[in-house]
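Source file: run35.csv. Holds: CSV, C-alpha atoms and all ligand atoms.
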chain,number,residue,atom,x,y,z
A,1,MET,CA,0.0,0.0,0.0
A,2,ALA,CA,1.3,3.4,-0.9
A,3,GLY,CA,1.9,6.1,1.7
A,4,GLU,CA,3.3,6.1,5.2
A,5,ILE,CA,1.8,3.9,7.9
A,6,CYS,CA,2.5,3.4,11.6
A,7,ALA,CA,5.3,0.9,11.8
A,8,ARG,CA,3.5,-1.0,14.5
A,9,CYS,CA,-0.2,-0.9,13.9
A,10,GLY,CA,-0.3,0.0,10.2
A,11,ARG,CA,-2.5,3.0,10.7
A,12,PRO,CA,-2.5,5.0,7.4
A,13,GLU,CA,-1.3,8.5,7.2
A,14,ALA,CA,0.6,8.2,10.5
A,15,SER,CA,4.3,9.0,10.7
A,16,ARG,CA,6.5,6.1,11.8
A,17,ARG,CA,4.5,5.7,15.0
A,18,CYS,CA,0.9,6.7,15.6
A,19,PRO,CA,-0.3,8.4,18.8
A,20,ASP,CA,-1.9,5.1,20.1
A,21,CYS,CA,1.4,3.2,19.7
A,22,GLY,CA,3.7,5.8,21.0
A,23,GLU,CA,7.3,4.9,21.7
A,24,ALA,CA,8.9,1.5,22.3
A,25,PRO,CA,8.5,-0.8,24.2
A,26,TRP,CA,5.1,-1.3,22.6
A,27,ALA,CA,4.4,-4.7,24.0
A,28,SER,CA,3.3,-3.4,27.4
A,29,ALA,CA,0.9,-0.8,25.9
A,30,ARG,CA,-0.6,-2.8,23.0
A,31,PRO,CA,-0.8,-6.6,23.2
A,32,CYS,CA,-1.2,-7.1,19.4
A,33,ASP,CA,2.5,-7.0,18.3
A,34,SER,CA,1.8,-5.8,14.8
A,35,LEU,CA,-1.2,-5.0,12.6
A,36,ARG,CA,-1.5,-4.6,8.8
A,37,GLN,CA,-4.2,-4.3,6.2
A,38,THR,CA,-4.2,-5.1,2.5
A,39,ALA,CA,-6.0,-1.9,1.5
A,40,ILE,CA,-8.2,1.0,2.7
A,41,PHE,CA,-11.9,0.3,3.3
A,42,GLU,CA,-13.3,2.3,0.4
A,43,GLY,CA,-14.7,2.1,-3.1
A,44,ALA,CA,-15.1,-1.3,-4.8
A,45,LEU,CA,-13.5,-3.2,-1.9
A,46,ARG,CA,-15.9,-1.6,0.6
A,47,ARG,CA,-18.8,-2.6,-1.6
A,48,ALA,CA,-17.5,-6.1,-2.0
A,49,ILE,CA,-17.0,-6.5,1.8
A,50,HIS,CA,-20.5,-5.3,2.4
A,51,ARG,CA,-21.9,-7.8,-0.1
A,52,TYR,CA,-19.8,-10.5,1.5
A,53,LYS,CA,-20.6,-10.0,5.2
A,54,TYR,CA,-24.0,-8.4,5.2
A,55,ASP,CA,-25.6,-9.9,2.1
A,56,GLY,CA,-24.1,-13.3,2.7
A,57,MET,CA,-22.3,-13.6,-0.7
A,58,LYS,CA,-20.0,-16.4,0.4
A,59,CYS,CA,-18.6,-16.7,-3.2
A,60,LEU,CA,-16.6,-13.6,-2.4
A,61,ALA,CA,-14.5,-15.4,0.2
A,62,ASP,CA,-12.3,-16.7,-2.6
A,63,PRO,CA,-11.3,-13.3,-4.2
A,64,LEU,CA,-11.2,-11.6,-0.8
A,65,GLY,CA,-9.1,-14.4,0.6
A,66,GLU,CA,-6.7,-14.0,-2.4
A,67,MET,CA,-6.2,-10.4,-1.4
A,68,LEU,CA,-4.9,-11.6,1.9
A,69,THR,CA,-2.7,-14.4,0.5
A,70,ALA,CA,-1.3,-12.0,-2.2
A,71,TRP,CA,-0.4,-9.5,0.5
A,72,LEU,CA,1.4,-12.2,2.5
A,73,GLU,CA,3.2,-13.4,-0.6
A,74,GLY,CA,4.5,-9.9,-1.3
A,75,SER,CA,5.4,-9.0,2.3
A,76,SER,CA,8.6,-9.6,4.2
A,77,ALA,CA,9.4,-13.2,5.4
A,78,LYS,CA,8.3,-12.2,8.9
A,79,TRP,CA,4.7,-12.3,7.7
A,80,ARG,CA,4.9,-16.0,6.7
A,81,GLU,CA,6.5,-17.1,10.0
A,82,PHE,CA,3.7,-18.3,12.2
A,83,ASP,CA,2.6,-21.5,14.0
A,84,ALA,CA,-1.2,-21.1,13.6
A,85,VAL,CA,-3.9,-19.0,12.2
A,86,VAL,CA,-6.9,-17.8,14.3
A,87,ALA,CA,-10.0,-16.1,12.9
A,88,VAL,CA,-11.7,-13.2,14.9
A,89,PRO,CA,-14.7,-15.1,16.2
A,90,GLY,CA,-18.1,-14.1,14.9
A,91,SER,CA,-21.4,-14.1,16.7
A,92,ARG,CA,-23.3,-17.3,16.6
A,93,ALA,CA,-26.6,-15.6,15.6
A,94,ARG,CA,-25.0,-13.9,12.6
A,95,GLY,CA,-23.3,-17.1,11.6
A,96,TRP,CA,-26.6,-18.9,11.6
A,97,GLU,CA,-28.2,-16.1,9.6
A,98,LEU,CA,-25.6,-16.1,6.8
A,99,GLY,CA,-24.7,-19.7,6.9
A,100,PHE,CA,-21.0,-18.9,7.3
A,101,HIS,CA,-18.6,-16.8,9.5
A,102,HIS,CA,-17.0,-14.2,7.3
A,103,SER,CA,-13.6,-14.0,9.2
A,104,HIS,CA,-13.5,-17.8,9.5
A,105,GLU,CA,-13.8,-18.3,5.7
A,106,LEU,CA,-11.0,-15.8,5.1
A,107,ALA,CA,-8.8,-17.3,7.8
A,108,LEU,CA,-9.3,-20.8,6.3
A,109,ARG,CA,-7.9,-19.6,3.0
A,110,VAL,CA,-4.9,-17.9,4.7
A,111,ALA,CA,-4.2,-21.1,6.8
A,112,ARG,CA,-4.3,-23.2,3.6
A,113,PHE,CA,-1.9,-20.8,1.9
A,114,LEU,CA,0.5,-20.8,4.8
A,115,GLU,CA,0.0,-24.6,5.3
A,116,LEU,CA,-0.8,-23.9,9.0
A,117,PRO,CA,-3.5,-25.2,11.3
A,118,LEU,CA,-6.6,-22.9,11.7
A,119,LEU,CA,-7.2,-22.9,15.5
A,120,GLN,CA,-10.1,-21.4,17.4
A,121,PRO,CA,-9.2,-20.8,21.0
A,122,LEU,CA,-11.5,-17.8,21.3
A,123,ARG,CA,-15.2,-17.3,21.2
A,124,ARG,CA,-17.6,-14.4,20.8
A,125,LEU,CA,-19.9,-13.9,23.8
A,126,ARG,CA,-23.2,-12.2,23.8
A,127,GLY,CA,-23.1,-8.4,23.7
A,128,PRO,CA,-23.2,-5.4,21.4
A,129,GLY,CA,-20.9,-5.0,18.4
A,130,GLN,CA,-18.2,-2.4,18.0
A,131,MET,CA,-20.0,0.0,15.7
A,132,GLY,CA,-20.1,3.7,16.8
A,133,LEU,CA,-17.9,3.3,19.8
A,134,SER,CA,-14.7,5.3,20.5
A,135,ARG,CA,-11.4,3.5,20.7
A,136,GLN,CA,-11.4,3.3,24.5
A,137,GLN,CA,-15.0,2.0,24.5
A,138,ARG,CA,-14.1,-0.5,21.8
A,139,LEU,CA,-11.3,-1.8,23.8
A,140,GLU,CA,-13.5,-2.2,26.9
A,141,ASN,CA,-16.3,-3.8,24.9
A,142,ALA,CA,-14.0,-6.2,23.1
A,143,HIS,CA,-12.6,-7.4,26.4
A,144,ARG,CA,-16.2,-8.2,27.4
A,145,ILE,CA,-17.5,-9.7,24.2
A,146,TYR,CA,-14.6,-12.1,23.4
A,147,GLY,CA,-13.3,-14.8,25.7
A,148,ALA,CA,-11.3,-18.1,25.6
A,149,ARG,CA,-13.3,-21.2,24.7
A,150,ARG,CA,-13.9,-23.7,27.5
A,151,ASN,CA,-11.3,-26.3,26.3
A,152,PRO,CA,-9.1,-24.2,24.0
A,153,PRO,CA,-6.5,-25.8,21.8
A,154,ASP,CA,-3.0,-25.6,23.3
A,155,ILE,CA,-1.3,-22.5,21.8
A,156,ARG,CA,1.5,-22.2,24.3
A,157,GLY,CA,4.6,-20.7,22.7
A,158,MET,CA,2.9,-20.3,19.3
A,159,ARG,CA,3.2,-17.3,17.0
A,160,ILE,CA,-0.4,-16.5,16.0
A,161,LEU,CA,-1.7,-14.8,12.9
A,162,LEU,CA,-5.1,-13.3,13.6
A,163,VAL,CA,-7.3,-12.7,10.5
A,164,ASP,CA,-10.2,-10.2,10.3
A,165,ASP,CA,-12.0,-8.4,7.5
A,166,VAL,CA,-12.1,-4.8,8.6
A,167,VAL,CA,-10.0,-3.0,11.2
A,168,THR,CA,-10.9,0.4,12.6
A,169,THR,CA,-8.9,1.3,15.7
A,170,GLY,CA,-7.2,-2.0,16.3
A,171,ALA,CA,-9.0,-2.3,19.7
A,172,THR,CA,-10.4,-5.7,18.8
A,173,ALA,CA,-7.0,-6.9,17.8
A,174,ASP,CA,-5.5,-5.7,21.1
A,175,ALA,CA,-8.2,-7.3,23.2
A,176,LEU,CA,-8.0,-10.6,21.3
A,177,ALA,CA,-4.2,-10.6,21.4
A,178,ALA,CA,-4.4,-10.1,25.2
A,179,LYS,CA,-6.7,-13.2,25.5
A,180,LEU,CA,-4.3,-15.2,23.2
A,181,LYS,CA,-1.3,-14.2,25.3
A,182,ALA,CA,-3.2,-15.2,28.5
A,183,LEU,CA,-3.3,-18.6,26.8
A,184,GLU,CA,0.5,-18.2,26.5
A,185,ALA,CA,0.8,-17.5,22.8
A,186,SER,CA,4.3,-16.1,22.3
A,187,SER,CA,3.3,-13.4,19.7
A,188,VAL,CA,0.2,-12.2,18.0
A,189,ARG,CA,0.0,-10.2,14.7
A,190,MET,CA,-3.1,-9.3,12.8
A,191,LEU,CA,-3.8,-9.1,9.1
A,192,ALA,CA,-7.0,-7.5,8.0
A,193,LEU,CA,-8.4,-7.1,4.5
A,194,ALA,CA,-9.2,-3.4,4.9
A,195,ARG,CA,-8.8,-0.5,7.2
A,196,THR,CA,-11.3,2.2,7.8
A,197,VAL,CA,-10.1,5.8,8.0
A,198,GLU,CA,-9.5,6.6,11.7
A,199,LEU,CA,-12.6,7.7,13.6
A,200,SER,CA,-11.2,9.6,16.6
A,301,ZN,ZN,0.1,2.7,15.6

Mind turning the file's structure into structure tokens?
Amino acid sequence: MAGEICARCGRPEASRRCPDCGEAPWASARPCDSLRQTAIFEGALRRAIHRYKYDGMKCLADPLGEMLTAWLEGSSAKWREFDAVVAVPGSRARGWELGFHHSHELALRVARFLELPLLQPLRRLRGPGQMGLSRQQRLENAHRIYGARRNPPDIRGMRILLVDDVVTTGATADALAAKLKALEASSVRMLALARTVELS
């Protein structure tokens, strides 16, 4: 992607480090070690993602998944060195409604490409989504609405690649990374399809 991004969280139009990431060491402040997106959430991609996740056009999982794998292919070797892939868990009700979980389908394609297991140590609990909340509210809400599954797979010492469709502030990434690190994952990085332009 053209233009400058935050070296840690990938926020567009930031200088080397955005205000949320600040100075090193970042690990204590933000549990998600690194965050990147393949593109900005706008134009044709925005329409495609809407069709995919709200209209239930599952056939779009292939071309959208290819955007993620193409990005991984073109990135530095660091972005292919993981032990497992994890999808941002979706809500059960929405999964039933559409017949698939949008992030799960994307993560499945990424896992196949990297020849890694797709693990699901986390789950989405009941509660409101992240729409319309500030970054701080998103972080607090994400800690409430995501949790570890009852008998999670063993991820101790693993380098985890989290996959999501749209990233806004990175608050979900940080909350999920904190839960994965509580399960003793050694590192957590997130790749999203698209990034919204910053709210706050
Ligand atoms: Zn940042």

*What is the distance, in Å and to one decimal place, between atom CA of A:Val86 and atom CA of A:Ala44?*
26.5 Å

*All residues within 6 Å of ligand ZN 301 (chain A) are required, counting all atoms listed in the file; please report them as JSON, numbers by chain.*
{"A": [6, 8, 9, 11, 17, 18, 20, 21]}

*asked:* I'd like the contact shell of A:Leu45 - 12 Å cut-off, all atoms listed in the file, skipping same-chain residues fewer than 3 positions apart - returned as a ChimeraX atom specification.
replied: /A:38-42,48-52,60,63-64,67,165-166,193-196

*Would you mind listing what lies within 8 Å of stretch 170-183 of chain A as a ChimeraX atom specification, with all atoms listed in the file counted and same-chain residues fewer than 3 positions away left out?*
/A:9,30-32,35,88,121-122,135-136,138-139,142-143,146-148,154-156,162,167,186-190

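Counting only C-alpha atoms and comparing A:Gly10, A:Gly3, A:Gly90, A:Gly22, the residue that lies closest to A:Pro128 is A:Gly90.
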
*Restricting the calculation to all atoms listed in the file, which member of A:Arg126, A:Leu98, A:Lys78, A:Leu161 is positioned closest to A:Ala111?*
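Nearest candidate to A:Ala111 out of A:Arg126, A:Leu98, A:Lys78, A:Leu161: A:Leu161.
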
*Give me, please, the distance in Å between atom CA of A:Ile5 and atom CA of A:Ala77, quoted to one decimal.*
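According to the coordinates, atom CA of A:Ile5 and atom CA of A:Ala77 are separated by 18.9 Å.
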
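Using only C-alpha atoms, the shortest contact distance between A:Val163 and any of A:Thr69, A:Gln37, A:Ser75, A:Ser103 is found at A:Ser103.
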
*Atomic separation - atom CA of A:Trp71 relative to atom CA of A:Glu184, Å*: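 These two atoms are separated by 27.4 Å.
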
*Go through A:Asp83, A:Glu97, A:Glu140, A:Asp33 and flag the residue nearest A:Leu191, using all atoms listed in the file for the distances.*
A:Asp33

*Could you tell me which of A:Ile160, A:Leu125, A:Glu4, A:Pro152 comes closest to A:Trp79 if we count all atoms listed in the file?*
A:Ile160
